[in-house]
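target.cif (mmCIF, C-alpha atoms)
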data_upload
#
loop_
_atom_site.label_atom_id
_atom_site.label_comp_id
_atom_site.auth_asym_id
_atom_site.auth_seq_id
_atom_site.Cartn_x
_atom_site.Cartn_y
_atom_site.Cartn_z
CA MET A 556 135.46 65.88 65.46
CA LYS A 557 134.77 64.11 68.76
CA GLY A 558 131.51 66.01 69.06
CA ASP A 559 130.45 64.93 65.58
CA ILE A 560 131.15 61.28 66.41
CA ILE A 561 129.24 61.44 69.71
CA LEU A 562 126.25 63.13 68.07
CA LEU A 563 126.18 60.48 65.35
CA LEU A 564 126.38 57.62 67.85
CA LYS A 565 123.64 59.16 70.00
CA LYS A 566 121.40 59.74 67.00
CA ARG A 567 121.75 56.16 65.80
CA TYR A 568 121.47 54.45 69.19
CA PRO A 569 120.77 51.53 69.75
CA GLU A 570 122.15 50.71 66.32
CA TYR A 571 125.82 50.31 65.58
CA VAL A 572 127.57 52.70 63.21
CA SER A 573 130.41 51.30 61.16
CA GLY A 574 133.82 52.89 61.11
CA GLU A 575 133.53 53.10 57.35
CA GLU A 576 130.28 55.10 57.58
CA ILE A 577 131.70 57.46 60.20
CA SER A 578 134.78 57.94 58.03
CA SER A 579 132.67 58.72 54.97
CA LEU A 580 130.25 61.07 56.73
CA LEU A 581 132.98 63.07 58.48
CA GLY A 582 135.53 63.00 55.70
CA VAL A 583 138.36 61.46 57.71
CA SER A 584 140.28 58.19 57.58
CA ARG A 585 139.17 55.11 59.49
CA THR A 586 142.42 55.35 61.45
CA ALA A 587 141.44 58.86 62.56
CA VAL A 588 138.00 57.57 63.59
CA TRP A 589 139.61 54.86 65.70
CA LYS A 590 141.92 57.38 67.38
CA HIS A 591 138.98 59.65 68.23
CA ILE A 592 137.02 56.68 69.62
CA ARG A 593 139.98 55.80 71.81
CA GLY A 594 140.19 59.42 73.00
CA LEU A 595 136.49 59.44 73.85
CA ARG A 596 136.87 56.26 75.88
CA ASP A 597 139.73 57.91 77.78
CA GLN A 598 137.32 60.75 78.62
CA GLY A 599 134.84 58.34 80.19
CA TYR A 600 132.55 57.36 77.31
CA ARG A 601 131.51 53.71 77.18
CA ILE A 602 131.64 52.85 73.50
CA GLU A 603 131.08 49.26 72.47
CA SER A 604 132.77 48.00 69.31
CA ARG A 605 132.04 44.86 67.31
CA SER A 606 134.20 43.59 64.51
CA LYS A 607 132.66 44.15 61.06
CA VAL A 608 129.64 45.84 62.71
CA GLY A 609 130.84 49.13 64.16
CA TYR A 610 130.53 51.26 67.28
CA ARG A 611 127.69 51.88 69.72
CA LEU A 612 127.54 54.42 72.55
CA LEU A 613 126.44 52.84 75.83
CA GLU A 614 127.06 55.62 78.35
CA SER A 615 128.26 59.23 78.46
CA PRO A 616 130.13 60.79 81.40
CA ASP A 617 128.55 63.62 83.35
CA ARG A 618 130.98 66.22 82.04
CA LEU A 619 130.54 69.62 80.43
CA TYR A 620 132.84 68.82 77.52
CA GLU A 621 133.17 71.35 74.71
CA HIS A 622 132.38 68.81 72.01
CA GLU A 623 129.15 67.80 73.79
CA LEU A 624 128.01 71.36 74.41
CA SER A 625 128.76 72.57 70.87
CA GLY A 626 126.38 69.99 69.45
CA LEU A 627 123.51 71.31 71.58
CA LEU A 628 123.97 75.02 70.89
CA ARG A 629 121.81 76.90 68.39
CA THR A 630 123.58 80.21 68.81
CA GLU A 631 124.93 82.89 66.53
CA LEU A 632 127.43 84.38 68.97
CA ILE A 633 127.54 82.76 72.39
CA GLY A 634 129.75 79.67 72.62
CA LYS A 635 131.52 79.93 69.29
CA LYS A 636 134.63 79.60 71.44
CA ILE A 637 134.43 77.32 74.48
CA VAL A 638 137.20 76.85 77.04
CA TYR A 639 136.78 73.77 79.25
CA CYS A 640 138.71 73.07 82.47
CA GLU A 641 138.51 70.31 85.02
CA SER A 642 139.45 72.72 87.81
CA VAL A 643 140.27 76.42 88.11
CA ASP A 644 140.44 78.88 90.96
CA SER A 645 137.69 80.99 89.36
CA THR A 646 136.17 80.97 85.88
CA ASN A 647 135.91 84.77 86.14
CA ASN A 648 139.64 85.03 86.77
CA LEU A 649 140.46 82.82 83.79
CA ALA A 650 137.94 84.64 81.59
CA ARG A 651 139.45 88.00 82.50
CA THR A 652 142.90 86.74 81.46
CA LEU A 653 141.52 85.39 78.20
CA ALA A 654 139.64 88.63 77.53
CA GLN A 655 142.85 90.62 78.01
CA GLU A 656 144.51 88.28 75.50
CA GLY A 657 141.77 89.01 72.95
CA SER A 658 139.23 86.19 73.29
CA PRO A 659 136.18 87.10 71.22
CA ASP A 660 132.72 88.27 72.21
CA GLY A 661 130.64 85.28 73.34
CA THR A 662 133.49 83.11 74.63
CA VAL A 663 132.32 80.65 77.31
CA VAL A 664 134.67 79.43 80.07
CA ILE A 665 133.49 76.31 81.90
CA ALA A 666 134.93 74.41 84.86
CA GLU A 667 133.87 71.25 86.63
CA GLU A 668 135.21 72.75 89.86
CA GLN A 669 136.21 76.16 91.22
CA THR A 670 138.62 76.17 94.12
CA GLY A 671 138.20 79.91 94.70
CA GLY A 672 134.79 80.74 93.29
CA ARG A 673 133.60 84.26 94.06
CA GLY A 674 130.25 85.95 94.57
CA ARG A 675 129.29 89.57 95.01
CA MET A 676 130.87 91.77 97.69
CA GLY A 677 133.87 89.46 98.04
CA ARG A 678 131.89 86.43 99.20
CA SER A 679 133.10 82.93 98.33
CA TRP A 680 131.01 80.67 96.09
CA TYR A 681 131.02 76.95 96.90
CA SER A 682 131.74 75.17 93.61
CA PRO A 683 132.48 71.45 94.10
CA PRO A 684 133.15 69.12 91.15
CA GLY A 685 130.11 67.71 89.37
CA GLN A 686 127.54 69.32 91.68
CA GLY A 687 126.75 72.42 89.68
CA ILE A 688 127.39 74.43 86.54
CA TRP A 689 130.17 76.97 86.95
CA PHE A 690 130.84 79.14 83.90
CA THR A 691 131.72 82.64 82.73
CA LEU A 692 130.94 84.56 79.57
CA ILE A 693 133.25 87.07 77.92
CA LEU A 694 131.11 89.81 76.36
CA ARG A 695 132.13 92.87 74.41
CA PRO A 696 128.91 94.87 73.99
CA PRO A 697 129.15 98.15 72.05
CA VAL A 698 127.67 100.18 74.92
CA ASN A 699 128.70 102.85 77.40
CA PRO A 700 129.86 101.68 80.84
CA ALA A 701 126.66 103.11 82.36
CA ASP A 702 124.65 100.51 80.44
CA ALA A 703 126.78 97.54 81.47
CA ALA A 704 124.70 96.77 84.57
CA LYS A 705 121.83 95.82 82.27
CA ILE A 706 123.84 92.78 81.17
CA THR A 707 123.34 91.25 84.62
CA MET A 708 119.57 91.54 84.17
CA VAL A 709 119.80 90.07 80.67
CA SER A 710 121.78 87.14 82.10
CA ALA A 711 119.28 86.66 84.93
CA VAL A 712 116.36 86.49 82.49
CA ALA A 713 118.24 83.92 80.38
CA ALA A 714 119.11 81.78 83.42
CA ALA A 715 115.58 81.89 84.84
CA ARG A 716 114.01 81.22 81.45
CA GLY A 717 116.38 78.32 80.74
CA ILE A 718 115.64 76.72 84.11
CA ARG A 719 111.90 77.14 83.61
CA GLU A 720 112.00 75.66 80.11
CA TYR A 721 114.22 72.71 80.98
CA THR A 722 112.95 71.78 84.46
CA GLY A 723 109.44 73.24 84.66
CA LEU A 724 110.40 74.87 87.98
CA ALA A 725 109.14 78.37 88.80
CA ALA A 726 112.54 80.07 88.93
CA GLY A 727 112.23 83.68 90.11
CA ILE A 728 114.65 86.62 89.91
CA LYS A 729 115.68 88.51 93.04
CA TRP A 730 117.18 91.91 92.27
CA PRO A 731 119.89 92.35 91.25
CA ASN A 732 121.49 89.02 90.42
CA ASP A 733 120.02 85.92 92.11
CA ILE A 734 117.68 83.19 90.89
CA LEU A 735 115.52 81.69 93.62
CA LEU A 736 113.56 78.45 93.96
CA SER A 737 111.16 78.11 96.88
CA GLY A 738 112.76 81.18 98.44
CA ARG A 739 116.29 79.77 98.33
CA LYS A 740 119.22 80.66 96.09
CA ALA A 741 119.76 78.40 93.10
CA VAL A 742 121.82 80.72 90.88
CA GLY A 743 124.20 83.59 91.45
CA ILE A 744 125.57 86.01 88.86
CA LEU A 745 128.73 88.10 89.18
CA THR A 746 129.44 90.68 86.47
CA GLU A 747 132.82 92.42 86.31
CA MET A 748 133.82 95.12 83.84
CA ASN A 749 136.92 96.50 82.18
CA ALA A 750 136.12 99.86 80.63
CA GLU A 751 137.28 103.31 79.62
CA ILE A 752 135.33 106.52 80.12
CA ASP A 753 133.14 106.08 77.07
CA ARG A 754 133.38 102.40 76.13
CA VAL A 755 133.31 98.90 77.55
CA ASN A 756 136.40 96.88 76.72
CA TYR A 757 134.87 93.66 78.01
CA LEU A 758 132.59 92.17 80.63
CA VAL A 759 133.02 88.84 82.36
CA VAL A 760 129.70 87.44 83.55
CA GLY A 761 130.10 84.55 85.98
CA ILE A 762 127.11 82.30 86.59
CA GLY A 763 126.96 79.57 89.23
CA ILE A 764 124.08 77.09 89.27
CA ASN A 765 123.51 74.66 92.14
CA ILE A 766 122.43 71.33 90.65
CA ASN A 767 122.90 68.80 93.44
CA VAL A 768 125.19 70.40 96.02
CA ASP A 769 125.80 68.14 99.02
CA ARG A 770 124.42 70.07 101.99
CA GLY A 771 126.44 67.92 104.36
CA GLN A 772 129.64 69.51 103.06
CA VAL A 773 128.66 73.11 103.88
CA SER A 774 127.70 75.05 107.00
CA SER A 775 124.14 74.74 108.28
CA GLU A 776 123.58 78.43 107.48
CA LEU A 777 124.65 77.97 103.85
CA ALA A 778 122.77 74.68 103.52
CA ALA A 779 119.55 76.42 104.57
CA ALA A 780 120.03 79.17 101.99
CA LEU A 781 120.90 76.97 99.00
CA ALA A 782 118.40 75.51 96.56
CA SER A 783 119.28 72.35 94.65
CA LEU A 784 117.67 72.08 91.22
CA GLU A 785 117.56 68.27 91.33
CA GLU A 786 116.00 68.32 94.78
CA GLU A 787 113.36 70.81 93.64
CA ALA A 788 112.68 68.93 90.40
CA GLY A 789 112.63 65.51 92.06
CA ARG A 790 114.66 63.94 89.25
CA HIS A 791 118.11 63.74 87.74
CA LEU A 792 118.98 66.68 85.51
CA SER A 793 121.48 66.76 82.67
CA ARG A 794 123.91 69.55 83.46
CA ILE A 795 124.99 69.94 79.87
CA GLU A 796 121.43 70.10 78.50
CA LEU A 797 120.52 72.76 81.06
CA LEU A 798 123.66 74.75 80.25
CA ALA A 799 122.84 74.60 76.55
CA ALA A 800 119.27 75.77 77.19
CA ILE A 801 120.54 78.79 79.13
CA LEU A 802 123.19 79.68 76.55
CA ASN A 803 120.68 79.40 73.70
CA ASP A 804 118.35 81.79 75.53
CA LEU A 805 121.21 84.11 76.43
CA ASP A 806 122.35 84.30 72.82
CA ARG A 807 118.94 85.56 71.70
CA LEU A 808 118.58 88.00 74.59
CA TYR A 809 122.11 89.38 74.25
CA ARG A 810 121.55 90.11 70.58
CA GLU A 811 118.24 91.78 71.43
CA PHE A 812 120.07 93.93 73.98
CA ILE A 813 122.72 94.94 71.45
CA ASP A 814 119.94 95.81 68.98
CA GLY A 815 118.47 98.24 71.53
CA ASN A 816 115.53 96.15 72.76
CA PHE A 817 116.32 96.14 76.48
CA SER A 818 112.83 97.43 77.29
CA GLN A 819 111.34 94.14 76.08
CA ILE A 820 113.80 92.15 78.19
CA LEU A 821 112.90 94.31 81.18
CA ILE A 822 109.23 93.40 80.74
CA GLU A 823 110.15 89.73 81.03
CA TRP A 824 112.41 90.47 84.02
CA ARG A 825 109.49 92.12 85.81
CA LYS A 826 107.24 89.11 85.15
CA MET A 827 109.76 86.74 86.76
CA SER A 828 110.73 89.03 89.62
CA VAL A 829 110.24 87.86 93.21
CA THR A 830 111.34 91.28 94.50
CA LEU A 831 108.78 93.67 93.07
CA GLY A 832 105.75 94.27 95.22
CA LYS A 833 107.59 93.11 98.36
CA LEU A 834 108.80 94.90 101.46
CA VAL A 835 112.58 94.68 101.39
CA LYS A 836 115.70 95.66 103.24
CA VAL A 837 118.54 96.89 101.04
CA THR A 838 122.10 96.83 102.37
CA SER A 839 124.85 98.66 100.53
CA LEU A 840 128.45 99.43 101.39
CA HIS A 841 127.39 102.68 103.06
CA ASP A 842 123.94 102.21 104.58
CA THR A 843 120.78 100.14 104.98
CA ASP A 844 117.29 101.14 103.91
CA GLU A 845 113.82 99.61 103.91
CA GLY A 846 110.67 100.04 101.91
CA LEU A 847 108.46 98.69 99.16
CA ALA A 848 110.29 97.57 96.02
CA PHE A 849 107.69 98.70 93.51
CA ASP A 850 109.58 98.73 90.21
CA VAL A 851 112.87 98.92 88.33
CA ASP A 852 113.59 101.75 85.92
CA GLU A 853 114.90 101.61 82.36
CA GLU A 854 118.46 101.57 83.66
CA GLY A 855 117.80 98.55 85.86
CA ALA A 856 117.89 100.46 89.15
CA LEU A 857 115.55 99.30 91.92
CA LEU A 858 112.90 101.83 92.95
CA LEU A 859 112.16 101.77 96.67
CA ARG A 860 109.18 103.58 98.21
CA LYS A 861 110.03 104.40 101.83
CA LYS A 862 107.65 104.78 104.77
CA ASP A 863 107.59 108.54 104.40
CA GLY A 864 106.44 108.19 100.78
CA SER A 865 109.72 109.25 99.21
CA VAL A 866 111.28 107.17 96.46
CA ARG A 867 114.89 106.05 96.49
CA ARG A 868 116.68 104.84 93.38
CA ILE A 869 119.12 102.05 94.20
CA LEU A 870 121.87 101.07 91.80
CA ALA A 871 123.63 98.42 93.88
CA GLY A 872 123.10 96.53 97.11
CA ASP A 873 121.96 93.30 98.74
CA VAL A 874 118.20 92.79 99.01
CA SER A 875 116.51 90.84 101.79
CA LEU A 876 112.83 90.03 101.31
CA ARG A 877 110.82 90.93 104.39
#
Take the structure in the file and write it out as structure tokens.
Amino acid sequence: MKGDIILLLKKRYPEYVSGEEISSLLGVSRTAVWKHIRGLRDQGYRIESRSKVGYRLLESPDRLYEHELSGLLRTELIGKKIVYCESVDSTNNLARTLAQEGSPDGTVVIAEEQTGGRGRMGRSWYSPPGQGIWFTLILRPPVNPADAAKITMVSAVAAARGIREYTGLAAGIKWPNDILLSGRKAVGILTEMNAEIDRVNYLVVGIGININVDRGQVSSELAAALASLEEEAGRHLSRIELLAAILNDLDRLYREFIDGNFSQILIEWRKMSVTLGKLVKVTSLHDTDEGLAFDVDEEGALLLRKKDGSVRRILAGDVSLR
């Protein structure tokens, strides 16, 4: 209901909308309208009211509220259930709990802040309030566990495409799970799986997007590695509009993946890759190798041509561009 009221006020701005009209359009009492308006004001919305005239929205808070996001989504699956939190230790942790409790395919878990955000290989992910988009998807694809790694590539294409469409920036994908801007990391993706031998029970896909992270609050090493979307774009960006753009893209791509069209998604991944055609160093838990990253195969593995001409197929690891 709050989302419907906000969308109506935004659509009619700068005009006022009477309580009677809102009541009629939404099929609720004028008392209910007033209570929702009061609730929206408590959430930080500046809503002007004039006796016998109505309500007018003057300012919206920079929050990733469910009722705001729902109004921007054009999805069939992703975001039909949205869980919003001011602060959590990790959206992946909360999503995993919700998945175990039966939350449906496409559930989105969003937080303004993560106090214990995680990246790959046990690294921490700096997630301060209001400076990024920190969210996790619960997915239940009808695939074998061996195919689950492809979901990370699907998510990377959606994130890169959404950033390109919304900001105009040339976001590029670094295998396996990073989005880069000007050679620095703007987005990280962490996919975790719960599965049996022949089926995936659920995946949680955590995505962290640096919007305007304060470099003064992090180490000099981390500050040099981070890309800020607002800094790169040279303008203020709406976090919720960018999130909606990514989720709308992800909904289409995820359904394509389920329908067996991963090869088409892989074509787009290759076009946006900043890894292919580059000399790289790949570090895994067990060893380090170097060579030319010349392609990815149909399973999403990186193909590395070494100095001796042999080809190594890499399923997991950290890539450094040489």
Next on the checklist: Which residues, named as in the file, does the PyMOL selection byres ((chain A and resi 789-792) around 12) pick out? Answer as JSON, numbers by chain.
Outcome noted: {"A": [617, 685, 686, 687, 688, 718, 721, 722, 723, 724, 765, 766, 767, 783, 784, 785, 786, 787, 788, 793, 794, 795, 796, 797, 798]}
For the selection you just gave me, I'd like the residues written to a file as a PDB file, keeping the file's coordinate frame, keeping C-alpha atoms.
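Below is the file that was written, selection_1.pdb:
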ATOM      1  CA  ASP A 617     128.550  63.620  83.350  1.00  0.00           C
ATOM      2  CA  GLY A 685     130.110  67.710  89.370  1.00  0.00           C
ATOM      3  CA  GLN A 686     127.540  69.320  91.680  1.00  0.00           C
ATOM      4  CA  GLY A 687     126.750  72.420  89.680  1.00  0.00           C
ATOM      5  CA  ILE A 688     127.390  74.430  86.540  1.00  0.00           C
ATOM      6  CA  ILE A 718     115.640  76.720  84.110  1.00  0.00           C
ATOM      7  CA  TYR A 721     114.220  72.710  80.980  1.00  0.00           C
ATOM      8  CA  THR A 722     112.950  71.780  84.460  1.00  0.00           C
ATOM      9  CA  GLY A 723     109.440  73.240  84.660  1.00  0.00           C
ATOM     10  CA  LEU A 724     110.400  74.870  87.980  1.00  0.00           C
ATOM     11  CA  ASN A 765     123.510  74.660  92.140  1.00  0.00           C
ATOM     12  CA  ILE A 766     122.430  71.330  90.650  1.00  0.00           C
ATOM     13  CA  ASN A 767     122.900  68.800  93.440  1.00  0.00           C
ATOM     14  CA  SER A 783     119.280  72.350  94.650  1.00  0.00           C
ATOM     15  CA  LEU A 784     117.670  72.080  91.220  1.00  0.00           C
ATOM     16  CA  GLU A 785     117.560  68.270  91.330  1.00  0.00           C
ATOM     17  CA  GLU A 786     116.000  68.320  94.780  1.00  0.00           C
ATOM     18  CA  GLU A 787     113.360  70.810  93.640  1.00  0.00           C
ATOM     19  CA  ALA A 788     112.680  68.930  90.400  1.00  0.00           C
ATOM     20  CA  SER A 793     121.480  66.760  82.670  1.00  0.00           C
ATOM     21  CA  ARG A 794     123.910  69.550  83.460  1.00  0.00           C
ATOM     22  CA  ILE A 795     124.990  69.940  79.870  1.00  0.00           C
ATOM     23  CA  GLU A 796     121.430  70.100  78.500  1.00  0.00           C
ATOM     24  CA  LEU A 797     120.520  72.760  81.060  1.00  0.00           C
ATOM     25  CA  LEU A 798     123.660  74.750  80.250  1.00  0.00           C
TER      26      LEU A 798
END
Next on the checklist: Could you tell me, as a ChimeraX atom specification, exactly which residues end up selected when the PyMOL selection byres ((chain A and resi 842-846) around 12) is applied to this structure?
Outcome noted: /A:830-841,847-850,857-869,871-877
Write to file, as a PDB file, keeping the file's coordinate frame, the residues of the selection just made, with C-alpha atoms.
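To be explicit, this is the file written out as result-v6.pdb:
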ATOM      1  CA  THR A 830     111.340  91.280  94.500  1.00  0.00           C
ATOM      2  CA  LEU A 831     108.780  93.670  93.070  1.00  0.00           C
ATOM      3  CA  GLY A 832     105.750  94.270  95.220  1.00  0.00           C
ATOM      4  CA  LYS A 833     107.590  93.110  98.360  1.00  0.00           C
ATOM      5  CA  LEU A 834     108.800  94.900 101.460  1.00  0.00           C
ATOM      6  CA  VAL A 835     112.580  94.680 101.390  1.00  0.00           C
ATOM      7  CA  LYS A 836     115.700  95.660 103.240  1.00  0.00           C
ATOM      8  CA  VAL A 837     118.540  96.890 101.040  1.00  0.00           C
ATOM      9  CA  THR A 838     122.100  96.830 102.370  1.00  0.00           C
ATOM     10  CA  SER A 839     124.850  98.660 100.530  1.00  0.00           C
ATOM     11  CA  LEU A 840     128.450  99.430 101.390  1.00  0.00           C
ATOM     12  CA  HIS A 841     127.390 102.680 103.060  1.00  0.00           C
ATOM     13  CA  LEU A 847     108.460  98.690  99.160  1.00  0.00           C
ATOM     14  CA  ALA A 848     110.290  97.570  96.020  1.00  0.00           C
ATOM     15  CA  PHE A 849     107.690  98.700  93.510  1.00  0.00           C
ATOM     16  CA  ASP A 850     109.580  98.730  90.210  1.00  0.00           C
ATOM     17  CA  LEU A 857     115.550  99.300  91.920  1.00  0.00           C
ATOM     18  CA  LEU A 858     112.900 101.830  92.950  1.00  0.00           C
ATOM     19  CA  LEU A 859     112.160 101.770  96.670  1.00  0.00           C
ATOM     20  CA  ARG A 860     109.180 103.580  98.210  1.00  0.00           C
ATOM     21  CA  LYS A 861     110.030 104.400 101.830  1.00  0.00           C
ATOM     22  CA  LYS A 862     107.650 104.780 104.770  1.00  0.00           C
ATOM     23  CA  ASP A 863     107.590 108.540 104.400  1.00  0.00           C
ATOM     24  CA  GLY A 864     106.440 108.190 100.780  1.00  0.00           C
ATOM     25  CA  SER A 865     109.720 109.250  99.210  1.00  0.00           C
ATOM     26  CA  VAL A 866     111.280 107.170  96.460  1.00  0.00           C
ATOM     27  CA  ARG A 867     114.890 106.050  96.490  1.00  0.00           C
ATOM     28  CA  ARG A 868     116.680 104.840  93.380  1.00  0.00           C
ATOM     29  CA  ILE A 869     119.120 102.050  94.200  1.00  0.00           C
ATOM     30  CA  ALA A 871     123.630  98.420  93.880  1.00  0.00           C
ATOM     31  CA  GLY A 872     123.100  96.530  97.110  1.00  0.00           C
ATOM     32  CA  ASP A 873     121.960  93.300  98.740  1.00  0.00           C
ATOM     33  CA  VAL A 874     118.200  92.790  99.010  1.00  0.00           C
ATOM     34  CA  SER A 875     116.510  90.840 101.790  1.00  0.00           C
ATOM     35  CA  LEU A 876     112.830  90.030 101.310  1.00  0.00           C
ATOM     36  CA  ARG A 877     110.820  90.930 104.390  1.00  0.00           C
TER      37      ARG A 877
END
Checklist entry - If the PyMOL selection byres ((chain A and resi 575) around 12) is run on the structure shown, which residues does it catch, given as a list in words? => result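 Answer for the PyMOL selection byres ((chain A and resi 575) around 12): Tyr571, Val572, Ser573, Gly574, Glu576, Ile577, Ser578, Ser579, Leu580, Leu581, Gly582, Val583, Ser584, Arg585, Thr586, Ala587, Val588, Trp589, Ser606, Lys607, Val608, Gly609 and Tyr610 of chain A.
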Item to check | For Gln669 of chain A, the nearest of the candidates A:Tyr681, A:Gln655, A:Gly599, A:Leu735, counting all atoms listed in the file | outcome: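 Among A:Tyr681, A:Gln655, A:Gly599, A:Leu735, it is A:Tyr681 that comes nearest to Gln669 of chain A.
Of the listed residues A:Gly672, A:Pro684, A:Gly626, A:Pro696, the one whose atoms come nearest to Gly558 of chain A is A:Gly626, with distances taken using all atoms listed in the file.
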Could you write out as lines of an AutoDock Vina configuration file the box around segment 662-676 of chain A (axis-aligned, all atoms listed in the file, 3 Å on each side), with centre and edge lengths in Å to one decimal?
center_x = 134.0
center_y = 81.5
center_z = 86.2
size_x = 15.3
size_y = 26.5
size_z = 29.1
Checklist entry - atom CA of Leu628 of chain A and atom CA of Glu747 of chain A, how far apart in Å? => result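 Distance reported for this atom pair: 24.9 Å.
We find atom CA of Asp804 of chain A and atom CA of Arg716 of chain A to be spaced 7.4 Å apart.
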Next on the checklist: Which residue is closest to Arg825 of chain A? Choose from A:Gly771, A:Pro616, A:Gly855, A:Gly717 and count only C-alpha atoms.
Outcome noted: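 Answer, going by the shortest atom-to-atom distance: A:Gly855.
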Ile762 of chain A environment, 12 Å, only C-alpha atoms, sequence neighbours closer than 3 positions dropped, as a JSON list (two decimals) with C-alpha atoms, in the frame of the given file:
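Produced file result.json, reproduced below:
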[["chain", "number", "residue", "atom", "x", "y", "z"],
["A", 645, "SER", "CA", 137.69, 80.99, 89.36],
["A", 646, "THR", "CA", 136.17, 80.97, 85.88],
["A", 647, "ASN", "CA", 135.91, 84.77, 86.14],
["A", 663, "VAL", "CA", 132.32, 80.65, 77.31],
["A", 664, "VAL", "CA", 134.67, 79.43, 80.07],
["A", 665, "ILE", "CA", 133.49, 76.31, 81.90],
["A", 666, "ALA", "CA", 134.93, 74.41, 84.86],
["A", 669, "GLN", "CA", 136.21, 76.16, 91.22],
["A", 672, "GLY", "CA", 134.79, 80.74, 93.29],
["A", 673, "ARG", "CA", 133.60, 84.26, 94.06],
["A", 674, "GLY", "CA", 130.25, 85.95, 94.57],
["A", 675, "ARG", "CA", 129.29, 89.57, 95.01],
["A", 680, "TRP", "CA", 131.01, 80.67, 96.09],
["A", 682, "SER", "CA", 131.74, 75.17, 93.61],
["A", 687, "GLY", "CA", 126.75, 72.42, 89.68],
["A", 688, "ILE", "CA", 127.39, 74.43, 86.54],
["A", 689, "TRP", "CA", 130.17, 76.97, 86.95],
["A", 690, "PHE", "CA", 130.84, 79.14, 83.90],
["A", 691, "THR", "CA", 131.72, 82.64, 82.73],
["A", 692, "LEU", "CA", 130.94, 84.56, 79.57],
["A", 693, "ILE", "CA", 133.25, 87.07, 77.92],
["A", 707, "THR", "CA", 123.34, 91.25, 84.62],
["A", 710, "SER", "CA", 121.78, 87.14, 82.10],
["A", 711, "ALA", "CA", 119.28, 86.66, 84.93],
["A", 713, "ALA", "CA", 118.24, 83.92, 80.38],
["A", 714, "ALA", "CA", 119.11, 81.78, 83.42],
["A", 715, "ALA", "CA", 115.58, 81.89, 84.84],
["A", 732, "ASN", "CA", 121.49, 89.02, 90.42],
["A", 733, "ASP", "CA", 120.02, 85.92, 92.11],
["A", 734, "ILE", "CA", 117.68, 83.19, 90.89],
["A", 741, "ALA", "CA", 119.76, 78.40, 93.10],
["A", 742, "VAL", "CA", 121.82, 80.72, 90.88],
["A", 743, "GLY", "CA", 124.20, 83.59, 91.45],
["A", 744, "ILE", "CA", 125.57, 86.01, 88.86],
["A", 745, "LEU", "CA", 128.73, 88.10, 89.18],
["A", 746, "THR", "CA", 129.44, 90.68, 86.47],
["A", 747, "GLU", "CA", 132.82, 92.42, 86.31],
["A", 759, "VAL", "CA", 133.02, 88.84, 82.36],
["A", 765, "ASN", "CA", 123.51, 74.66, 92.14],
["A", 798, "LEU", "CA", 123.66, 74.75, 80.25],
["A", 801, "ILE", "CA", 120.54, 78.79, 79.13],
["A", 802, "LEU", "CA", 123.19, 79.68, 76.55],
["A", 805, "LEU", "CA", 121.21, 84.11, 76.43]]
